[in-house]
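Enquirer: Supplied structure: protein-v3.txt, compact mmCIF, C-alpha atoms (C1' of nucleotides).
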```
# COMPACT_ATOMS: atom_id res chain seq x y z
CA MET A 1 22.39 73.37 40.69
CA ARG A 2 22.28 69.66 40.32
CA ASP A 3 19.18 67.84 39.23
CA LYS A 4 18.05 64.92 41.36
CA GLU A 5 17.15 62.55 38.53
CA GLN A 6 20.42 63.36 36.82
CA THR A 7 22.55 62.57 39.86
CA TYR A 8 20.76 59.28 40.42
CA LYS A 9 21.39 58.31 36.82
CA GLN A 10 25.03 59.31 37.03
CA ILE A 11 25.56 57.19 40.14
CA ILE A 12 24.03 54.16 38.43
CA GLU A 13 26.12 54.65 35.31
CA THR A 14 29.31 55.19 37.26
CA ALA A 15 28.61 52.19 39.47
CA PHE A 16 28.02 50.10 36.36
CA SER A 17 31.34 50.91 34.77
CA MET A 18 33.42 50.84 37.97
CA PHE A 19 31.87 47.63 39.30
CA SER A 20 32.35 45.90 35.98
CA GLU A 21 35.94 47.03 35.64
CA LYS A 22 37.26 46.73 39.19
CA GLY A 23 34.70 44.54 40.91
CA PHE A 24 32.32 45.20 43.78
CA ASP A 25 34.92 44.95 46.51
CA GLN A 26 37.57 47.01 44.81
CA THR A 27 35.10 49.84 44.29
CA SER A 28 34.18 51.86 47.36
CA MET A 29 31.28 54.23 47.77
CA ALA A 30 33.87 57.02 48.00
CA ASN A 31 35.36 55.97 44.64
CA ILE A 32 31.99 56.19 42.99
CA ALA A 33 31.18 59.52 44.62
CA ALA A 34 34.50 61.01 43.50
CA GLU A 35 33.96 59.84 39.93
CA VAL A 36 30.49 61.38 39.86
CA GLY A 37 31.86 64.54 41.40
CA ILE A 38 30.00 64.43 44.71
CA THR A 39 30.87 63.16 48.17
CA LYS A 40 30.17 59.86 49.83
CA PRO A 41 27.22 60.97 51.98
CA ALA A 42 25.53 62.30 48.86
CA VAL A 43 25.55 58.79 47.44
CA TYR A 44 24.00 57.53 50.67
CA TYR A 45 21.18 59.99 50.12
CA TYR A 46 20.19 57.97 47.02
CA PHE A 47 21.11 54.47 48.20
CA LYS A 48 20.81 53.49 51.80
CA SER A 49 23.73 51.07 51.60
CA LYS A 50 26.29 49.67 49.21
CA ASP A 51 24.30 46.45 48.97
CA ASP A 52 21.29 48.53 48.05
CA LEU A 53 23.20 50.10 45.17
CA ILE A 54 24.46 46.70 44.00
CA LYS A 55 20.93 45.32 44.07
CA GLY A 56 19.51 48.36 42.30
CA LEU A 57 22.01 47.95 39.52
CA PHE A 58 21.18 44.25 39.26
CA ASP A 59 17.50 44.94 38.76
CA ILE A 60 18.34 47.26 35.89
CA ILE A 61 20.68 44.92 34.06
CA ALA A 62 18.42 41.92 34.69
CA LYS A 63 15.76 43.66 32.63
CA GLU A 64 18.22 44.42 29.83
CA ILE A 65 19.36 40.81 29.67
CA GLN A 66 15.82 39.59 29.21
CA SER A 67 15.24 41.91 26.28
CA ILE A 68 18.47 40.84 24.58
CA THR A 69 17.64 37.13 24.64
CA SER A 70 13.99 37.42 23.78
CA ILE A 71 12.88 36.53 20.28
CA ASP A 72 9.85 37.74 18.47
CA LEU A 73 8.11 34.58 17.26
CA LYS A 74 6.27 36.57 14.64
CA GLU A 75 9.49 36.70 12.61
CA MET A 76 9.17 32.95 12.22
CA ASN A 77 6.48 33.26 9.59
CA ASP A 78 8.74 34.87 7.04
CA THR A 79 11.81 32.73 7.22
CA ASP A 80 12.98 29.30 8.29
CA LEU A 81 14.28 28.10 11.64
CA ARG A 82 17.87 27.70 10.52
CA THR A 83 18.11 31.26 9.29
CA ILE A 84 16.60 32.60 12.48
CA LEU A 85 19.05 30.64 14.62
CA TYR A 86 22.02 31.74 12.52
CA SER A 87 21.16 35.40 12.81
CA LEU A 88 20.31 35.08 16.48
CA GLY A 89 23.85 33.88 17.15
CA LYS A 90 25.47 36.40 14.84
CA LYS A 91 23.65 39.24 16.52
CA ALA A 92 24.53 38.05 20.02
CA ILE A 93 28.19 37.54 19.16
CA SER A 94 28.72 40.99 17.71
CA LEU A 95 26.71 42.57 20.51
CA GLN A 96 28.80 40.78 23.09
CA LYS A 97 32.09 41.81 21.49
CA GLN A 98 31.06 45.44 21.72
CA ASN A 99 29.79 45.20 25.22
CA LEU A 100 32.19 43.17 27.30
CA GLN A 101 31.50 45.12 30.50
CA PHE A 102 28.01 43.80 30.67
CA ASN A 103 28.89 40.14 31.02
CA GLN A 104 31.84 40.96 33.24
CA LEU A 105 29.40 42.50 35.68
CA PHE A 106 26.81 39.79 35.34
CA ASN A 107 29.39 37.14 36.17
CA GLN A 108 29.92 38.84 39.51
CA TYR A 109 26.22 38.53 40.24
CA LEU A 110 26.45 34.84 39.34
CA LEU A 111 29.01 34.46 42.12
CA LEU A 112 26.84 36.39 44.55
CA ALA A 113 23.97 34.05 43.68
CA ALA A 114 25.82 31.20 45.36
CA ARG A 115 25.57 33.02 48.69
CA ASP A 116 22.47 35.19 48.36
CA SER A 117 19.07 33.83 47.41
CA TYR A 118 17.93 37.26 46.23
CA TYR A 119 20.21 36.83 43.25
CA SER A 120 19.97 33.08 42.79
CA GLU A 121 16.19 33.16 42.49
CA LYS A 122 16.15 35.94 39.93
CA ILE A 123 19.03 34.52 37.94
CA THR A 124 17.43 31.08 37.83
CA GLU A 125 14.32 32.74 36.49
CA ILE A 126 16.33 34.55 33.81
CA GLN A 127 18.06 31.34 32.78
CA GLN A 128 14.79 29.45 32.66
CA LYS A 129 13.28 32.11 30.42
CA PHE A 130 16.37 32.00 28.27
CA PHE A 131 16.00 28.26 27.68
CA ASN A 132 12.29 28.64 27.13
CA THR A 133 12.98 31.09 24.33
CA PHE A 134 14.79 28.38 22.40
CA TYR A 135 12.17 25.80 23.30
CA ASP A 136 9.36 28.05 22.13
CA LEU A 137 11.17 28.62 18.89
CA PHE A 138 11.40 24.86 18.28
CA LYS A 139 7.78 24.27 19.28
CA HIS A 140 6.72 26.97 16.90
CA ALA A 141 8.75 25.40 14.12
CA VAL A 142 7.03 22.09 14.81
CA LYS A 143 3.65 23.74 14.59
CA MET A 144 4.68 25.34 11.28
CA LYS A 145 5.71 21.88 10.05
CA ALA A 146 9.28 23.02 9.56
CA ILE A 147 10.80 20.29 11.74
CA LYS A 148 9.82 16.94 13.23
CA ASP A 149 8.70 16.81 16.86
CA GLU A 150 11.71 14.79 17.94
CA ASN A 151 13.60 15.45 21.13
CA ILE A 152 13.09 19.18 20.74
CA LEU A 153 13.25 19.94 24.47
CA ILE A 154 16.75 18.51 24.80
CA LYS A 155 17.79 19.97 21.46
CA SER A 156 16.70 23.45 22.48
CA GLN A 157 18.50 23.13 25.82
CA LEU A 158 21.64 22.04 24.02
CA LEU A 159 21.57 25.05 21.74
CA GLY A 160 20.95 27.27 24.74
CA LEU A 161 24.04 25.92 26.47
CA VAL A 162 26.18 26.53 23.39
CA PHE A 163 24.77 30.00 22.86
CA ASP A 164 25.40 30.96 26.47
CA ASN A 165 28.94 29.66 26.60
CA ILE A 166 29.90 31.32 23.34
CA THR A 167 29.09 34.65 24.92
CA ASN A 168 31.15 33.64 27.95
CA PHE A 169 34.19 32.70 25.95
CA ILE A 170 34.16 35.97 24.06
CA LEU A 171 35.37 37.48 27.35
CA THR A 172 38.45 35.27 27.40
CA ASP A 173 41.53 35.21 25.22
CA THR A 174 40.79 31.73 23.95
CA LYS A 175 40.80 31.81 20.19
CA LEU A 176 37.66 30.25 18.76
CA ASP A 177 35.72 31.06 15.63
CA PHE A 178 32.43 31.67 17.35
CA ASP A 179 30.38 32.20 14.21
CA LEU A 180 31.53 28.90 12.74
CA VAL A 181 30.95 27.00 15.99
CA TRP A 182 27.46 28.40 16.27
CA ARG A 183 26.61 27.44 12.70
CA GLU A 184 27.93 23.96 13.33
CA ALA A 185 25.77 23.69 16.45
CA VAL A 186 22.68 24.77 14.56
CA ASP A 187 23.41 22.46 11.62
CA ASN A 188 24.14 19.47 13.86
CA THR A 189 20.94 20.06 15.79
CA LEU A 190 18.69 20.39 12.78
CA ARG A 191 20.24 17.56 10.80
CA GLY A 192 17.75 14.71 10.69
CA ILE A 193 14.70 16.55 11.96
CA GLU A 194 14.08 18.90 9.06
CA LEU A 195 11.00 18.45 6.95
CA MET B 196 54.68 21.27 68.59
CA ARG B 197 53.34 22.03 65.18
CA ASP B 198 54.89 20.64 62.04
CA LYS B 199 55.79 23.14 59.35
CA GLU B 200 54.59 21.13 56.36
CA GLN B 201 51.39 20.33 58.17
CA THR B 202 50.58 23.96 58.97
CA TYR B 203 51.23 25.00 55.38
CA LYS B 204 48.89 22.30 54.14
CA GLN B 205 46.22 23.26 56.65
CA ILE B 206 46.35 26.89 55.56
CA ILE B 207 45.93 25.90 51.92
CA GLU B 208 43.03 23.59 52.70
CA THR B 209 41.30 26.13 54.92
CA ALA B 210 41.82 28.88 52.35
CA PHE B 211 40.35 26.61 49.69
CA SER B 212 37.14 25.93 51.56
CA MET B 213 36.68 29.45 52.96
CA PHE B 214 37.47 31.22 49.69
CA SER B 215 35.12 28.97 47.76
CA GLU B 216 32.29 29.38 50.26
CA LYS B 217 32.54 33.05 51.18
CA GLY B 218 34.69 34.52 48.44
CA PHE B 219 38.11 36.15 48.52
CA ASP B 220 36.93 39.45 49.88
CA GLN B 221 34.69 38.06 52.58
CA THR B 222 37.50 35.93 53.94
CA SER B 223 40.23 37.72 55.87
CA MET B 224 43.64 36.41 56.81
CA ALA B 225 42.49 36.51 60.43
CA ASN B 226 39.49 34.30 59.55
CA ILE B 227 41.77 31.72 58.00
CA ALA B 228 44.23 31.85 60.89
CA ALA B 229 41.45 31.37 63.43
CA GLU B 230 40.06 28.41 61.53
CA VAL B 231 43.48 26.79 61.35
CA GLY B 232 44.06 27.52 65.03
CA ILE B 233 47.02 29.86 64.68
CA THR B 234 47.32 33.64 64.63
CA LYS B 235 47.30 36.04 61.75
CA PRO B 236 51.05 36.77 61.71
CA ALA B 237 51.70 33.05 61.58
CA VAL B 238 49.87 32.94 58.26
CA TYR B 239 52.02 35.80 57.03
CA TYR B 240 55.02 33.69 57.84
CA TYR B 241 53.97 31.22 55.15
CA PHE B 242 52.49 33.66 52.63
CA LYS B 243 53.88 37.13 52.29
CA SER B 244 50.50 38.61 51.44
CA LYS B 245 46.88 37.67 50.84
CA ASP B 246 47.42 37.93 47.10
CA ASP B 247 50.31 35.55 47.49
CA LEU B 248 48.05 33.01 49.18
CA ILE B 249 45.39 33.43 46.50
CA LYS B 250 47.99 32.89 43.80
CA GLY B 251 49.47 29.88 45.56
CA LEU B 252 46.06 28.28 45.78
CA PHE B 253 45.46 29.00 42.12
CA ASP B 254 48.60 27.19 41.06
CA ILE B 255 47.46 24.13 42.97
CA ILE B 256 43.94 23.96 41.58
CA ALA B 257 45.15 24.81 38.08
CA LYS B 258 47.11 21.57 38.12
CA GLU B 259 44.12 19.59 39.36
CA ILE B 260 41.90 20.97 36.61
CA GLN B 261 44.31 19.84 33.94
CA SER B 262 44.33 16.29 35.25
CA ILE B 263 40.53 16.12 35.37
CA THR B 264 40.06 17.07 31.72
CA SER B 265 42.91 15.06 30.28
CA ILE B 266 42.10 11.87 28.43
CA ASP B 267 44.32 8.91 27.91
CA LEU B 268 44.25 8.33 24.17
CA LYS B 269 45.33 4.72 24.69
CA GLU B 270 41.78 3.94 25.82
CA MET B 271 40.68 4.70 22.30
CA ASN B 272 41.96 1.41 20.94
CA ASP B 273 39.48 -0.68 22.87
CA THR B 274 36.29 1.18 22.34
CA ASP B 275 34.64 3.63 19.98
CA LEU B 276 34.58 7.42 20.06
CA ARG B 277 30.92 7.69 21.01
CA THR B 278 31.34 5.50 24.08
CA ILE B 279 34.40 7.43 25.18
CA LEU B 280 32.60 10.75 24.84
CA TYR B 281 29.54 9.47 26.69
CA SER B 282 31.55 8.25 29.65
CA LEU B 283 33.71 11.37 29.65
CA GLY B 284 30.60 13.48 30.18
CA LYS B 285 29.04 11.13 32.68
CA LYS B 286 32.21 11.10 34.76
CA ALA B 287 32.55 14.89 34.69
CA ILE B 288 28.90 15.46 35.61
CA SER B 289 28.96 13.20 38.64
CA LEU B 290 32.35 14.54 39.71
CA GLN B 291 31.08 18.08 39.44
CA LYS B 292 27.96 17.38 41.46
CA GLN B 293 30.09 16.06 44.30
CA ASN B 294 32.57 18.85 44.14
CA LEU B 295 30.74 22.13 43.71
CA GLN B 296 33.32 24.10 45.71
CA PHE B 297 35.92 23.60 43.08
CA ASN B 298 34.13 25.39 40.28
CA GLN B 299 32.81 28.03 42.64
CA LEU B 300 36.41 28.92 43.42
CA PHE B 301 37.58 28.69 39.85
CA ASN B 302 34.88 31.12 38.75
CA GLN B 303 36.37 33.69 41.08
CA TYR B 304 39.70 33.29 39.36
CA LEU B 305 37.95 33.77 36.02
CA LEU B 306 36.82 37.17 37.24
CA LEU B 307 40.31 38.03 38.47
CA ALA B 308 41.62 37.10 35.02
CA ALA B 309 39.87 40.12 33.56
CA ARG B 310 42.02 42.42 35.68
CA ASP B 311 45.22 40.45 36.22
CA SER B 312 47.28 38.99 33.40
CA TYR B 313 48.87 36.46 35.77
CA TYR B 314 45.55 34.65 35.82
CA SER B 315 44.36 35.39 32.30
CA GLU B 316 47.47 33.91 30.74
CA LYS B 317 47.35 30.71 32.74
CA ILE B 318 43.61 30.29 32.34
CA THR B 319 43.81 30.80 28.59
CA GLU B 320 46.45 28.09 28.53
CA ILE B 321 44.21 25.74 30.52
CA GLN B 322 41.27 26.41 28.21
CA GLN B 323 43.38 25.88 25.14
CA LYS B 324 44.59 22.55 26.47
CA PHE B 325 41.03 21.64 27.31
CA PHE B 326 39.88 22.20 23.73
CA ASN B 327 42.94 20.40 22.41
CA THR B 328 41.96 17.33 24.39
CA PHE B 329 38.75 17.07 22.40
CA TYR B 330 40.51 17.88 19.16
CA ASP B 331 43.15 15.22 19.77
CA LEU B 332 40.44 12.70 20.46
CA PHE B 333 38.79 13.47 17.12
CA LYS B 334 42.08 13.43 15.25
CA HIS B 335 42.86 10.06 16.77
CA ALA B 336 39.45 8.74 15.75
CA VAL B 337 40.15 9.89 12.19
CA LYS B 338 43.46 8.08 12.22
CA MET B 339 41.71 4.94 13.48
CA LYS B 340 39.23 5.30 10.61
CA ALA B 341 36.35 5.62 13.06
CA ILE B 342 35.09 8.93 11.64
CA LYS B 343 35.48 11.04 8.52
CA ASP B 344 37.91 13.98 8.57
CA GLU B 345 35.16 16.54 8.22
CA ASN B 346 35.09 19.77 10.18
CA ILE B 347 36.57 18.05 13.20
CA LEU B 348 38.23 21.16 14.62
CA ILE B 349 34.95 23.04 14.86
CA LYS B 350 33.13 19.92 16.01
CA SER B 351 35.59 19.34 18.83
CA GLN B 352 35.35 23.00 19.89
CA LEU B 353 31.58 22.75 19.91
CA LEU B 354 31.65 19.72 22.18
CA GLY B 355 34.14 21.47 24.41
CA LEU B 356 31.80 24.43 24.81
CA VAL B 357 28.89 22.16 25.72
CA PHE B 358 30.98 20.12 28.13
CA ASP B 359 32.25 23.22 29.87
CA ASN B 360 28.90 24.90 30.21
CA ILE B 361 27.24 21.76 31.54
CA THR B 362 29.65 21.82 34.43
CA ASN B 363 28.85 25.51 34.94
CA PHE B 364 25.11 25.00 35.02
CA ILE B 365 25.39 22.25 37.59
CA LEU B 366 26.21 25.08 40.01
CA THR B 367 22.92 26.83 39.35
CA ASP B 368 19.36 25.90 40.20
CA THR B 369 18.36 25.65 36.57
CA LYS B 370 16.82 22.27 35.98
CA LEU B 371 18.39 20.51 33.04
CA ASP B 372 18.97 16.84 32.39
CA PHE B 373 22.69 17.12 31.86
CA ASP B 374 23.28 13.49 30.92
CA LEU B 375 20.64 13.64 28.21
CA VAL B 376 21.88 16.95 26.84
CA TRP B 377 25.41 15.64 26.67
CA ARG B 378 24.33 12.48 24.85
CA GLU B 379 22.37 14.61 22.41
CA ALA B 380 25.42 16.79 21.81
CA VAL B 381 27.60 13.77 21.13
CA ASP B 382 25.00 12.14 18.88
CA ASN B 383 24.39 15.34 16.90
CA THR B 384 28.09 15.86 16.43
CA LEU B 385 28.86 12.33 15.25
CA ARG B 386 25.82 12.01 13.03
CA GLY B 387 26.97 12.03 9.43
CA ILE B 388 30.68 11.58 10.00
CA GLU B 389 30.75 8.04 11.33
CA LEU B 390 32.34 5.32 9.24
C1' DG C 391 59.54 29.28 63.57
C1' DT C 392 55.77 31.23 65.87
C1' DC C 393 53.87 34.40 68.79
C1' DT C 394 52.05 39.40 70.96
C1' DA C 395 51.35 43.86 70.02
C1' DT C 396 50.54 47.40 67.19
C1' DA C 397 50.73 50.62 63.22
C1' DC C 398 48.09 52.38 59.72
C1' DA C 399 45.00 52.77 55.84
C1' DG C 400 40.52 52.39 54.14
C1' DC C 401 35.91 50.93 54.50
C1' DG C 402 30.68 51.61 55.29
C1' DA C 403 27.81 54.43 57.49
C1' DT C 404 25.74 58.50 60.19
C1' DA C 405 25.09 63.26 62.55
C1' DG C 406 24.36 67.64 61.79
C1' DA C 407 25.41 72.18 59.31
C1' DC C 408 24.15 74.73 55.19
C1' DG D 409 20.54 67.78 48.08
C1' DT D 410 25.05 68.06 49.33
C1' DC D 411 28.49 69.09 52.40
C1' DT D 412 32.25 68.54 56.61
C1' DA D 413 33.44 65.80 60.19
C1' DT D 414 33.78 61.78 62.47
C1' DC D 415 32.79 57.12 64.36
C1' DG D 416 33.64 52.29 64.65
C1' DC D 417 35.38 48.63 62.56
C1' DT D 418 38.16 45.52 59.80
C1' DG D 419 41.72 44.83 56.77
C1' DT D 420 46.79 44.11 55.52
C1' DA D 421 51.09 44.13 57.15
C1' DT D 422 55.24 44.50 60.19
C1' DA D 423 58.48 45.01 64.40
C1' DG D 424 60.22 42.71 67.81
C1' DA D 425 59.81 39.32 71.86
C1' DC D 426 60.37 34.46 72.84
```
As structure tokens, how would this structure be written, given the file I've shared?
Expert:
Amino acid sequence: MRDKEQTYKQIIETAFSMFSEKGFDQTSMANIAAEVGITKPAVYYYFKSKDDLIKGLFDIIAKEIQSITSIDLKEMNDTDLRTILYSLGKKAISLQKQNLQFNQLFNQYLLLAARDSYYSEKITEIQQKFFNTFYDLFKHAVKMKAIKDENILIKSQLLGLVFDNITNFILTDTKLDFDLVWREAVDNTLRGIEL
Amino acid sequence: MRDKEQTYKQIIETAFSMFSEKGFDQTSMANIAAEVGITKPAVYYYFKSKDDLIKGLFDIIAKEIQSITSIDLKEMNDTDLRTILYSLGKKAISLQKQNLQFNQLFNQYLLLAARDSYYSEKITEIQQKFFNTFYDLFKHAVKMKAIKDENILIKSQLLGLVFDNITNFILTDTKLDFDLVWREAVDNTLRGIEL
DNA sequence: GTCTATACAGCGATAGAC
DNA sequence: GTCTATCGCTGTATAGAC
């Protein structure tokens, strides 16, 4: 006999991989059910509609995204800003290369956001937090007298944009040396404001 | 009586605006036909399938994208690299704000690229050309003795990434001062290599 | 060259048995 | 909790009239 929690989890996991690979519209509730090994109505027992399943999955991955991009400011005490930024990028790049599905799926939600405020509001919030992470890091460095308090809002936003688009381009076939570009971005940003 | 060229053009234009607003899957051939004022089979007379229409539209906007991001190197003689880069960004930002549909549609093709090599190959080519535009600009500036020949490949790629993601974020509700961020990116990049 | 009419597959979703 | 069966609808696509 099948366990309820287990089935729920299996549906979510199957939806994640099928949605990310084939897209929302090319994945039917029947497809998901078949992959899990149950029938369509059984899926409807757990999710009252397809939209409900898509939203449920979003809430899960939205949480994961936040934890990936969050930085523990306590680390800052040990080491300098440049080193932290370097390793932040390195970590994100290798993580992203392993886990292409994740961004593939998230990009679909970005498209939905243009037509559904449920997604646009939450995604805006995620992006704002993401930029704040960089800003906080710079503010903290100022407080620690590691850098000058010069244009750090714009500088942190700039690094955020680079960081974000590096992870986007990893999905494509465009050949770029992401590690080098990230280091260049960090170096260019810090040049002139270091103490 | 309806003109053949005219009808074809109307279908393309209608497909462009409906696909960008509602998405490929939420726009049926019947929807497009109704909007144009003809019937569904009439659309099939011009495009043998929906995929065919989607591909046809892609080929058209792919050309437009190339012309937007291309720079005439002859301009370089009159003015300096910094000014060119500033105005390049300014132009793209205001263009993008007026023309949100365009990127909205292109992002859908980016998703298709993950599952269809027809798109991934052409998009990779577009992206490569895009980065080359920046690289050529830097190489030209080196030749004109405007900047040092120092890391210019990576620097041009970095600016390309910023440029591209600025146009992406214009689509979202995230509040960023794009003009300022772009100027900061240009300034950071040129600092230290100017002659 | 453009239409009407229609075939046919697949979708999301529900009723009701077990 | 999961099933069979089925509904209603919409989608792509085509045959054939005009």
Enquirer: Of the candidates B:Ile342, B:Ala309, B:Leu390, B:Leu332, which one gets nearest to chain A if we count all atoms listed in the file?
Expert: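 Among B:Ile342, B:Ala309, B:Leu390, B:Leu332, it is B:Ala309 that comes nearest to chain A.
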Enquirer: At what distance in Å, to one decimal, does CA of Gln157 in chain A lie from CA of Ser262 in chain B?
Expert: 28.3 Å
Enquirer: Pick out the closest residue to chain B from this set: A:Lys143, A:Lys148, A:Lys63, A:Arg115. Count all atoms listed in the file.
Expert: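 Of A:Lys143, A:Lys148, A:Lys63, A:Arg115, the one nearest chain B is A:Arg115, counting all atoms listed in the file.
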Enquirer: Leaving out DC401 in chain C and any residue of its chain fewer than 4 positions from it, which residues lie within 10 Å of it when counting all atoms listed in the file, given as a count of residues only?
Expert: 6
Enquirer: Sorted by chain and rising residue number, which residues of chain A lie within 12 Å of chain C, and what are their closest atom pairs and distances in Å to one decimal, counting only C-alpha atoms (C1' of nucleotides), as JSON lines?
Expert:
```
{"residue": "A:Asp25", "atom": "CA", "partner": "C:DC401", "partner_atom": "C1'", "distance": 10.0}
{"residue": "A:Gln26", "atom": "CA", "partner": "C:DC401", "partner_atom": "C1'", "distance": 10.6}
{"residue": "A:Thr27", "atom": "CA", "partner": "C:DC401", "partner_atom": "C1'", "distance": 10.3}
{"residue": "A:Ser28", "atom": "CA", "partner": "C:DC401", "partner_atom": "C1'", "distance": 7.4}
{"residue": "A:Met29", "atom": "CA", "partner": "C:DG402", "partner_atom": "C1'", "distance": 8.0}
{"residue": "A:Ala30", "atom": "CA", "partner": "C:DC401", "partner_atom": "C1'", "distance": 9.1}
{"residue": "A:Asn31", "atom": "CA", "partner": "C:DC401", "partner_atom": "C1'", "distance": 11.1}
{"residue": "A:Lys40", "atom": "CA", "partner": "C:DA403", "partner_atom": "C1'", "distance": 9.7}
{"residue": "A:Pro41", "atom": "CA", "partner": "C:DA403", "partner_atom": "C1'", "distance": 8.6}
{"residue": "A:Ala42", "atom": "CA", "partner": "C:DA403", "partner_atom": "C1'", "distance": 11.9}
{"residue": "A:Val43", "atom": "CA", "partner": "C:DA403", "partner_atom": "C1'", "distance": 11.2}
{"residue": "A:Tyr44", "atom": "CA", "partner": "C:DA403", "partner_atom": "C1'", "distance": 8.4}
{"residue": "A:Tyr45", "atom": "CA", "partner": "C:DT404", "partner_atom": "C1'", "distance": 11.2}
{"residue": "A:Phe47", "atom": "CA", "partner": "C:DA403", "partner_atom": "C1'", "distance": 11.5}
{"residue": "A:Lys48", "atom": "CA", "partner": "C:DA403", "partner_atom": "C1'", "distance": 9.1}
{"residue": "A:Ser49", "atom": "CA", "partner": "C:DG402", "partner_atom": "C1'", "distance": 7.9}
{"residue": "A:Lys50", "atom": "CA", "partner": "C:DG402", "partner_atom": "C1'", "distance": 7.7}
{"residue": "A:Asp51", "atom": "CA", "partner": "C:DG402", "partner_atom": "C1'", "distance": 10.4}
```
Enquirer: If you measure from CA of Leu161 in chain A to CA of Arg191 in chain A, what distance in Å do you get, rounded to one decimal?
Expert: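 Between CA of Leu161 in chain A and CA of Arg191 in chain A the gap is 18.2 Å.
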Enquirer: Would you give me, as CSV, each residue of chain B having an atom within 8 Å of an atom of chain A, along with its shortest atom pair and that distance in Å to one decimal, using all atoms listed in the file and sorting by chain and residue number?
Expert:
```
residue,atom,partner,partner_atom,distance
B:Glu216,CA,A:Arg115,CA,7.8
B:Lys217,CA,A:Arg115,CA,7.4
B:Asp220,CA,A:Asp25,CA,6.8
B:Gln299,CA,A:Leu111,CA,7.5
B:Asn302,CA,A:Leu111,CA,7.5
B:Gln303,CA,A:Leu111,CA,7.5
B:Leu306,CA,A:Gln104,CA,7.4
B:Ala309,CA,A:Thr172,CA,8.0
B:Arg310,CA,A:Lys22,CA,7.3
B:Ser315,CA,A:Asp173,CA,7.6
B:Thr319,CA,A:Thr174,CA,5.6
B:Gln322,CA,A:Thr174,CA,6.8
B:Gln323,CA,A:Thr174,CA,6.5
B:Ile349,CA,A:Val181,CA,5.7
B:Lys350,CA,A:Glu184,CA,7.1
B:Gln352,CA,A:Val181,CA,7.1
B:Leu353,CA,A:Val181,CA,5.8
B:Leu356,CA,A:Val162,CA,6.2
B:Val357,CA,A:Val162,CA,5.6
B:Asp359,CA,A:Asn165,CA,7.9
B:Asn360,CA,A:Asn165,CA,6.0
B:Ile361,CA,A:Leu161,CA,7.3
B:Thr367,CA,A:Thr124,CA,7.1
B:Asp368,CA,A:Thr124,CA,6.0
B:Thr369,CA,A:Thr124,CA,5.7
B:Leu371,CA,A:Gln157,CA,7.7
B:Leu375,CA,A:Ile154,CA,7.1
B:Val376,CA,A:Ile154,CA,5.7
B:Trp377,CA,A:Leu158,CA,7.9
B:Glu379,CA,A:Lys155,CA,7.1
B:Ala380,CA,A:Leu158,CA,6.8
B:Asn383,CA,A:Asn188,CA,5.1
B:Thr384,CA,A:Asn188,CA,5.9
B:Arg386,CA,A:Asn188,CA,7.7
```
Enquirer: If you keep C-alpha atoms, can you produce a file of those selected residues as a CSV table (one decimal), keeping the file's coordinate frame?
Expert:
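Contents of the output file again-v8.csv:
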```
chain,number,residue,atom,x,y,z
B,216,GLU,CA,32.3,29.4,50.3
B,217,LYS,CA,32.5,33.0,51.2
B,220,ASP,CA,36.9,39.4,49.9
B,299,GLN,CA,32.8,28.0,42.6
B,302,ASN,CA,34.9,31.1,38.8
B,303,GLN,CA,36.4,33.7,41.1
B,306,LEU,CA,36.8,37.2,37.2
B,309,ALA,CA,39.9,40.1,33.6
B,310,ARG,CA,42.0,42.4,35.7
B,315,SER,CA,44.4,35.4,32.3
B,319,THR,CA,43.8,30.8,28.6
B,322,GLN,CA,41.3,26.4,28.2
B,323,GLN,CA,43.4,25.9,25.1
B,349,ILE,CA,35.0,23.0,14.9
B,350,LYS,CA,33.1,19.9,16.0
B,352,GLN,CA,35.4,23.0,19.9
B,353,LEU,CA,31.6,22.8,19.9
B,356,LEU,CA,31.8,24.4,24.8
B,357,VAL,CA,28.9,22.2,25.7
B,359,ASP,CA,32.2,23.2,29.9
B,360,ASN,CA,28.9,24.9,30.2
B,361,ILE,CA,27.2,21.8,31.5
B,367,THR,CA,22.9,26.8,39.4
B,368,ASP,CA,19.4,25.9,40.2
B,369,THR,CA,18.4,25.6,36.6
B,371,LEU,CA,18.4,20.5,33.0
B,375,LEU,CA,20.6,13.6,28.2
B,376,VAL,CA,21.9,17.0,26.8
B,377,TRP,CA,25.4,15.6,26.7
B,379,GLU,CA,22.4,14.6,22.4
B,380,ALA,CA,25.4,16.8,21.8
B,383,ASN,CA,24.4,15.3,16.9
B,384,THR,CA,28.1,15.9,16.4
B,386,ARG,CA,25.8,12.0,13.0
```
Enquirer: Have a look at CA of Tyr203 in chain B and C1' of DG424 in chain D and let me know their distance in Å, one decimal.
Expert: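 About the pair CA of Tyr203 in chain B and C1' of DG424 in chain D: they are 23.4 Å apart.
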Enquirer: Which of these, D:DG416, D:DC426, D:DA421, D:DG409, has the shortest distance to chain B once you count only C-alpha atoms (C1' of nucleotides)?
Expert: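 Of D:DG416, D:DC426, D:DA421, D:DG409, the one nearest chain B is D:DA421, counting only C-alpha atoms (C1' of nucleotides).
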Enquirer: Determine, using all atoms listed in the file, which residues of chain D have any atom at most 12 Å from an atom of chain A, and tabulate each with its shortest atom pair and distance in Å to one decimal place, rows ordered by chain and then rising number, as CSV.
Expert:
```
residue,atom,partner,partner_atom,distance
D:DG409,C1',A:Ala42,CA,7.5
D:DT410,C1',A:Ala42,CA,5.8
D:DC411,C1',A:Thr39,CA,7.7
D:DT412,C1',A:Thr39,CA,10.1
D:DA413,C1',A:Pro41,CA,11.4
```
Enquirer: Extract, using all atoms listed in the file, all DNA, RNA and protein residues at most 8 Å from Leu57 in chain A, discarding same-chain residues fewer than 2 positions from it, and format them as an MDAnalysis selection string.
Expert: chainID A and resid 12 15:16 53:55 59:61
